[in-house]
Amino acid sequence: VQLVESGGGLVQAGGSLRLSCTASGSMFGLNAMGWYRQAPRKQRELVARIRSGGSATYADAVKGRFTISRDIPKNTLYLQMNTLKPEDTAVYYCNAEFRGSPDYAAWGQGTQVTVSS
């Protein structure tokens with residue numbers, strides 16, 4: 001499975017961006033997909049995750065501002081980010097979790113999001 005992110009960029013505080021992640025290859029055994037981010041000198045953290053059944057969870061820092069969604073026929077995952085803050089600046093990674101023996105995960109290459117104050 002290959003994951004390719006797009007949609008990052010530079011935006012002013014209060015602005016919006018929409019990230020996309022297009023998956024190619026077999027999605028058999030897909031359990032969930034999600035967005036993670038990693039800021040300089042910080043650990044990678046979960047931003048939002050959506051299970052194959054459609055339920056979504058969000059990090060407290062982005063609740064009410066970010067929305068995760070997916071287009072199953074297009075094998076595409078989205079992250080709509082509104083009311084962006086400088087602390088949202090990070091590299092954003094797409095992730096896909098698969099059930100298997102053992103379970104495994106795929107990662108995208110990341111897309112930079114920079115929010116200026």
# chains A, B, ... in the order shown; residues from 1 in each chain; ligands from 1
>>> residues_around(residues="segment 73-85 of chain A", least_positions_apart="3", cutoff="10 Å", atoms="only C-alpha atoms", output="number ranges by chain")
A: 3-7, 11-25, 27, 33-35, 47-50, 62, 64-70, 88-89, 92, 94-96, 113-117
>>> write_last_selection(atoms="C-alpha atoms", output="PDB file, in the first residue's frame")
ATOM      1  CA  LEU A   3      -0.084   6.628   0.706  1.00  0.00           C
ATOM      2  CA  VAL A   4       0.471  10.032  -0.898  1.00  0.00           C
ATOM      3  CA  GLU A   5      -0.432  13.222   0.949  1.00  0.00           C
ATOM      4  CA  SER A   6      -1.117  16.604  -0.596  1.00  0.00           C
ATOM      5  CA  GLY A   7      -2.613  19.939   0.348  1.00  0.00           C
ATOM      6  CA  VAL A  11      -1.420  29.822   5.754  1.00  0.00           C
ATOM      7  CA  GLN A  12      -2.080  32.673   8.154  1.00  0.00           C
ATOM      8  CA  ALA A  13      -3.510  32.022  11.588  1.00  0.00           C
ATOM      9  CA  GLY A  14      -7.268  31.678  11.396  1.00  0.00           C
ATOM     10  CA  GLY A  15      -7.117  30.258   7.901  1.00  0.00           C
ATOM     11  CA  SER A  16      -8.015  26.831   6.535  1.00  0.00           C
ATOM     12  CA  LEU A  17      -6.380  24.012   4.638  1.00  0.00           C
ATOM     13  CA  ARG A  18      -7.584  20.631   3.440  1.00  0.00           C
ATOM     14  CA  LEU A  19      -5.157  17.749   3.349  1.00  0.00           C
ATOM     15  CA  SER A  20      -5.718  14.731   1.122  1.00  0.00           C
ATOM     16  CA  CYS A  21      -4.227  11.257   1.276  1.00  0.00           C
ATOM     17  CA  THR A  22      -4.682   8.945  -1.687  1.00  0.00           C
ATOM     18  CA  ALA A  23      -4.072   5.248  -1.185  1.00  0.00           C
ATOM     19  CA  SER A  24      -3.047   2.793  -3.865  1.00  0.00           C
ATOM     20  CA  GLY A  25      -2.751  -0.961  -3.635  1.00  0.00           C
ATOM     21  CA  MET A  27      -6.831  -2.123   1.127  1.00  0.00           C
ATOM     22  CA  MET A  33      -6.898   5.500   8.763  1.00  0.00           C
ATOM     23  CA  GLY A  34      -5.610   8.571  10.442  1.00  0.00           C
ATOM     24  CA  TRP A  35      -3.597  11.752  10.407  1.00  0.00           C
ATOM     25  CA  VAL A  47      -4.410  14.252  15.178  1.00  0.00           C
ATOM     26  CA  ALA A  48      -7.493  12.348  14.029  1.00  0.00           C
ATOM     27  CA  ARG A  49      -8.424   8.769  13.241  1.00  0.00           C
ATOM     28  CA  ILE A  50     -11.376   7.189  11.490  1.00  0.00           C
ATOM     29  CA  VAL A  62      -7.979  20.001  17.317  1.00  0.00           C
ATOM     30  CA  GLY A  64     -14.047  21.472  16.892  1.00  0.00           C
ATOM     31  CA  ARG A  65     -11.534  22.788  14.329  1.00  0.00           C
ATOM     32  CA  PHE A  66     -10.464  19.739  12.299  1.00  0.00           C
ATOM     33  CA  THR A  67     -12.651  17.180  10.545  1.00  0.00           C
ATOM     34  CA  ILE A  68     -11.496  13.841   9.200  1.00  0.00           C
ATOM     35  CA  SER A  69     -13.413  12.211   6.382  1.00  0.00           C
ATOM     36  CA  ARG A  70     -12.935   9.684   3.621  1.00  0.00           C
ATOM     37  CA  ASP A  88      -0.614  23.487  14.313  1.00  0.00           C
ATOM     38  CA  THR A  89       2.608  23.927  12.357  1.00  0.00           C
ATOM     39  CA  TYR A  92       1.344  15.907   8.716  1.00  0.00           C
ATOM     40  CA  CYS A  94      -1.267   9.893   6.661  1.00  0.00           C
ATOM     41  CA  ASN A  95      -1.495   6.452   8.266  1.00  0.00           C
ATOM     42  CA  ALA A  96      -3.388   3.262   7.465  1.00  0.00           C
ATOM     43  CA  VAL A 113       1.751  22.703   7.176  1.00  0.00           C
ATOM     44  CA  THR A 114       3.015  26.086   8.345  1.00  0.00           C
ATOM     45  CA  VAL A 115       0.742  28.555  10.122  1.00  0.00           C
ATOM     46  CA  SER A 116       2.054  32.088  10.475  1.00  0.00           C
ATOM     47  CA  SER A 117       0.969  34.398  13.259  1.00  0.00           C
TER      48      SER A 117
END
>>> residues_around(residues="Arg51 of chain A", least_positions_apart="3", cutoff="7 Å", atoms="only C-alpha atoms", output="ChimeraX atom specification")
/A:31-33,54-56
>>> write_last_selection(atoms="N, CA and C atoms", output="CSV table (one decimal), in the first residue's frame")
chain,number,residue,atom,x,y,z
A,31,ASN,N,-8.3,-1.4,8.9
A,31,ASN,CA,-8.9,-1.3,10.2
A,31,ASN,C,-9.3,0.2,10.4
A,32,ALA,N,-8.3,1.1,10.1
A,32,ALA,CA,-8.6,2.5,10.4
A,32,ALA,C,-7.5,3.3,9.5
A,33,MET,N,-7.8,4.6,9.4
A,33,MET,CA,-6.9,5.5,8.8
A,33,MET,C,-6.8,6.7,9.6
A,54,GLY,N,-16.5,4.0,10.4
A,54,GLY,CA,-16.8,5.4,10.2
A,54,GLY,C,-16.7,6.2,11.5
A,55,SER,N,-16.5,5.6,12.6
A,55,SER,CA,-16.4,6.4,13.8
A,55,SER,C,-15.0,7.1,13.8
A,56,ALA,N,-15.0,8.4,14.3
A,56,ALA,CA,-13.8,9.2,14.3
A,56,ALA,C,-13.5,9.7,15.7
>>> closest_residue(among="A:Arg99, A:Gln112, A:Val91, A:Lys63", to="Arg44 of chain A", atoms="only C-alpha atoms")
A:Val91
>>> atom_distance(atom1="atom CA of Ser26 of chain A", atom2="atom CA of Ser52 of chain A")
14.6 Å
>>> atom_distance(atom1="atom CA of Ser101 of chain A", atom2="atom CA of Gly53 of chain A")
21.0 Å
>>> atom_distance(atom1="atom CA of Tyr93 of chain A", atom2="atom CA of Tyr36 of chain A")
5.1 Å
>>> residues_around(residues="Lys42 of chain A", least_positions_apart="3", cutoff="12 Å", atoms="only C-alpha atoms", output="list in words")
Arg37, Gln38, Ala39, Glu45, Glu87, Thr89, Ala90 and Val91 of chain A
>>> select_by_dssp(residues="chain A", states="strand (DSSP E)", output="short mmCIF file (atom, residue, chain, number, x, y, z; two decimals) with C-alpha atoms, in the first residue's frame")
data_model
loop_
_atom_site.label_atom_id
_atom_site.label_comp_id
_atom_site.auth_asym_id
_atom_site.auth_seq_id
_atom_site.Cartn_x
_atom_site.Cartn_y
_atom_site.Cartn_z
CA GLN A 2 1.25 3.47 -0.89
CA LEU A 3 -0.08 6.63 0.71
CA VAL A 4 0.47 10.03 -0.90
CA GLU A 5 -0.43 13.22 0.95
CA SER A 6 -1.12 16.60 -0.60
CA GLY A 9 1.28 24.79 2.61
CA LEU A 10 1.65 28.15 4.30
CA VAL A 11 -1.42 29.82 5.75
CA GLN A 12 -2.08 32.67 8.15
CA LEU A 17 -6.38 24.01 4.64
CA ARG A 18 -7.58 20.63 3.44
CA LEU A 19 -5.16 17.75 3.35
CA SER A 20 -5.72 14.73 1.12
CA CYS A 21 -4.23 11.26 1.28
CA THR A 22 -4.68 8.95 -1.69
CA ALA A 23 -4.07 5.25 -1.19
CA SER A 24 -3.05 2.79 -3.87
CA LEU A 30 -8.05 -2.04 6.54
CA ASN A 31 -8.95 -1.27 10.15
CA ALA A 32 -8.55 2.48 10.35
CA MET A 33 -6.90 5.50 8.76
CA GLY A 34 -5.61 8.57 10.44
CA TRP A 35 -3.60 11.75 10.41
CA TYR A 36 -0.57 12.28 12.61
CA ARG A 37 1.70 15.29 12.91
CA GLN A 38 5.23 15.96 14.06
CA GLU A 45 1.20 12.63 17.69
CA LEU A 46 -2.22 11.50 16.59
CA VAL A 47 -4.41 14.25 15.18
CA ALA A 48 -7.49 12.35 14.03
CA ARG A 49 -8.42 8.77 13.24
CA ILE A 50 -11.38 7.19 11.49
CA ARG A 51 -12.22 3.52 11.82
CA ALA A 56 -13.82 9.20 14.31
CA THR A 57 -11.67 10.38 17.18
CA TYR A 58 -9.71 13.60 17.55
CA PHE A 66 -10.46 19.74 12.30
CA THR A 67 -12.65 17.18 10.54
CA ILE A 68 -11.50 13.84 9.20
CA SER A 69 -13.41 12.21 6.38
CA ARG A 70 -12.93 9.68 3.62
CA ASP A 71 -14.10 8.93 0.10
CA THR A 76 -8.88 9.03 -0.32
CA LEU A 77 -8.69 10.36 3.21
CA TYR A 78 -9.16 14.04 4.03
CA LEU A 79 -8.41 16.37 6.89
CA GLN A 80 -10.25 19.68 6.83
CA MET A 81 -8.41 22.08 9.09
CA ALA A 90 4.04 20.47 11.69
CA VAL A 91 4.60 17.79 9.10
CA TYR A 92 1.34 15.91 8.72
CA TYR A 93 1.44 12.19 7.95
CA CYS A 94 -1.27 9.89 6.66
CA ASN A 95 -1.50 6.45 8.27
CA ALA A 96 -3.39 3.26 7.46
CA GLU A 97 -3.76 0.38 9.92
CA PHE A 98 -4.35 -3.16 8.68
CA TYR A 104 0.76 -3.67 10.20
CA ALA A 105 0.65 -0.03 9.20
CA ALA A 106 1.51 2.09 6.18
CA TRP A 107 2.69 5.71 6.24
CA THR A 111 3.19 17.17 3.95
CA GLN A 112 4.32 20.39 5.62
CA VAL A 113 1.75 22.70 7.18
CA THR A 114 3.01 26.09 8.34
CA VAL A 115 0.74 28.55 10.12
CA SER A 116 2.05 32.09 10.47
#
>>> decode(residues="segment 20-48 of chain A", atoms="N, CA and C atoms", output="mmCIF file, in the first residue's frame")
data_model
loop_
_atom_site.group_PDB
_atom_site.id
_atom_site.type_symbol
_atom_site.label_atom_id
_atom_site.label_comp_id
_atom_site.auth_asym_id
_atom_site.auth_seq_id
_atom_site.Cartn_x
_atom_site.Cartn_y
_atom_site.Cartn_z
ATOM 1 N N SER A 20 -5.200 15.949 1.752
ATOM 2 C CA SER A 20 -5.718 14.731 1.122
ATOM 3 C C SER A 20 -4.659 13.644 1.203
ATOM 4 N N CYS A 21 -5.117 12.412 1.273
ATOM 5 C CA CYS A 21 -4.227 11.257 1.276
ATOM 6 C C CYS A 21 -4.848 10.213 0.362
ATOM 7 N N THR A 22 -4.178 9.927 -0.737
ATOM 8 C CA THR A 22 -4.682 8.945 -1.687
ATOM 9 C C THR A 22 -3.915 7.648 -1.526
ATOM 10 N N ALA A 23 -4.661 6.565 -1.377
ATOM 11 C CA ALA A 23 -4.072 5.248 -1.185
ATOM 12 C C ALA A 23 -4.129 4.443 -2.469
ATOM 13 N N SER A 24 -3.059 3.711 -2.726
ATOM 14 C CA SER A 24 -3.047 2.793 -3.865
ATOM 15 C C SER A 24 -2.585 1.426 -3.383
ATOM 16 N N GLY A 25 -3.057 0.385 -4.058
ATOM 17 C CA GLY A 25 -2.751 -0.961 -3.635
ATOM 18 C C GLY A 25 -3.931 -1.580 -2.916
ATOM 19 N N SER A 26 -3.746 -2.804 -2.460
ATOM 20 C CA SER A 26 -4.834 -3.510 -1.787
ATOM 21 C C SER A 26 -5.124 -2.905 -0.428
ATOM 22 N N MET A 27 -6.402 -2.638 -0.168
ATOM 23 C CA MET A 27 -6.831 -2.123 1.127
ATOM 24 C C MET A 27 -7.492 -3.240 1.942
ATOM 25 N N PHE A 28 -7.255 -4.478 1.567
ATOM 26 C CA PHE A 28 -7.827 -5.603 2.282
ATOM 27 C C PHE A 28 -7.320 -5.609 3.708
ATOM 28 N N GLY A 29 -8.238 -5.777 4.647
ATOM 29 C CA GLY A 29 -7.873 -5.815 6.053
ATOM 30 C C GLY A 29 -7.760 -4.447 6.702
ATOM 31 N N LEU A 30 -8.164 -3.387 5.970
ATOM 32 C CA LEU A 30 -8.050 -2.041 6.539
ATOM 33 C C LEU A 30 -8.884 -1.924 7.813
ATOM 34 N N ASN A 31 -8.266 -1.434 8.874
ATOM 35 C CA ASN A 31 -8.947 -1.274 10.154
ATOM 36 C C ASN A 31 -9.271 0.199 10.428
ATOM 37 N N ALA A 32 -8.345 1.059 10.093
ATOM 38 C CA ALA A 32 -8.552 2.479 10.352
ATOM 39 C C ALA A 32 -7.542 3.281 9.537
ATOM 40 N N MET A 33 -7.848 4.560 9.354
ATOM 41 C CA MET A 33 -6.898 5.500 8.763
ATOM 42 C C MET A 33 -6.848 6.729 9.638
ATOM 43 N N GLY A 34 -5.732 7.417 9.570
ATOM 44 C CA GLY A 34 -5.610 8.571 10.442
ATOM 45 C C GLY A 34 -4.584 9.564 9.956
ATOM 46 N N TRP A 35 -4.571 10.689 10.629
ATOM 47 C CA TRP A 35 -3.597 11.752 10.407
ATOM 48 C C TRP A 35 -2.787 11.944 11.691
ATOM 49 N N TYR A 36 -1.485 12.001 11.523
ATOM 50 C CA TYR A 36 -0.569 12.284 12.609
ATOM 51 C C TYR A 36 0.221 13.525 12.221
ATOM 52 N N ARG A 37 0.842 14.146 13.202
ATOM 53 C CA ARG A 37 1.704 15.286 12.912
ATOM 54 C C ARG A 37 2.930 15.262 13.808
ATOM 55 N N GLN A 38 3.984 15.873 13.290
ATOM 56 C CA GLN A 38 5.225 15.961 14.061
ATOM 57 C C GLN A 38 5.805 17.347 13.868
ATOM 58 N N ALA A 39 5.878 18.076 14.973
ATOM 59 C CA ALA A 39 6.485 19.398 14.970
ATOM 60 C C ALA A 39 7.970 19.247 15.292
ATOM 61 N N PRO A 40 8.775 20.250 14.954
ATOM 62 C CA PRO A 40 10.207 20.181 15.260
ATOM 63 C C PRO A 40 10.455 19.913 16.737
ATOM 64 N N ARG A 41 11.337 18.975 16.999
ATOM 65 C CA ARG A 41 11.774 18.638 18.368
ATOM 66 C C ARG A 41 10.637 18.054 19.215
ATOM 67 N N LYS A 42 9.596 17.572 18.557
ATOM 68 C CA LYS A 42 8.501 16.941 19.292
ATOM 69 C C LYS A 42 8.231 15.557 18.712
ATOM 70 N N GLN A 43 7.549 14.734 19.512
ATOM 71 C CA GLN A 43 7.199 13.407 19.041
ATOM 72 C C GLN A 43 6.003 13.481 18.110
ATOM 73 N N ARG A 44 5.905 12.476 17.251
ATOM 74 C CA ARG A 44 4.747 12.377 16.370
ATOM 75 C C ARG A 44 3.509 12.103 17.219
ATOM 76 N N GLU A 45 2.417 12.784 16.900
ATOM 77 C CA GLU A 45 1.203 12.632 17.686
ATOM 78 C C GLU A 45 -0.008 12.423 16.786
ATOM 79 N N LEU A 46 -0.982 11.723 17.322
ATOM 80 C CA LEU A 46 -2.222 11.497 16.595
ATOM 81 C C LEU A 46 -3.032 12.778 16.540
ATOM 82 N N VAL A 47 -3.536 13.099 15.360
ATOM 83 C CA VAL A 47 -4.410 14.252 15.178
ATOM 84 C C VAL A 47 -5.866 13.795 15.095
ATOM 85 N N ALA A 48 -6.126 12.848 14.212
ATOM 86 C CA ALA A 48 -7.493 12.348 14.029
ATOM 87 C C ALA A 48 -7.409 10.961 13.411
#
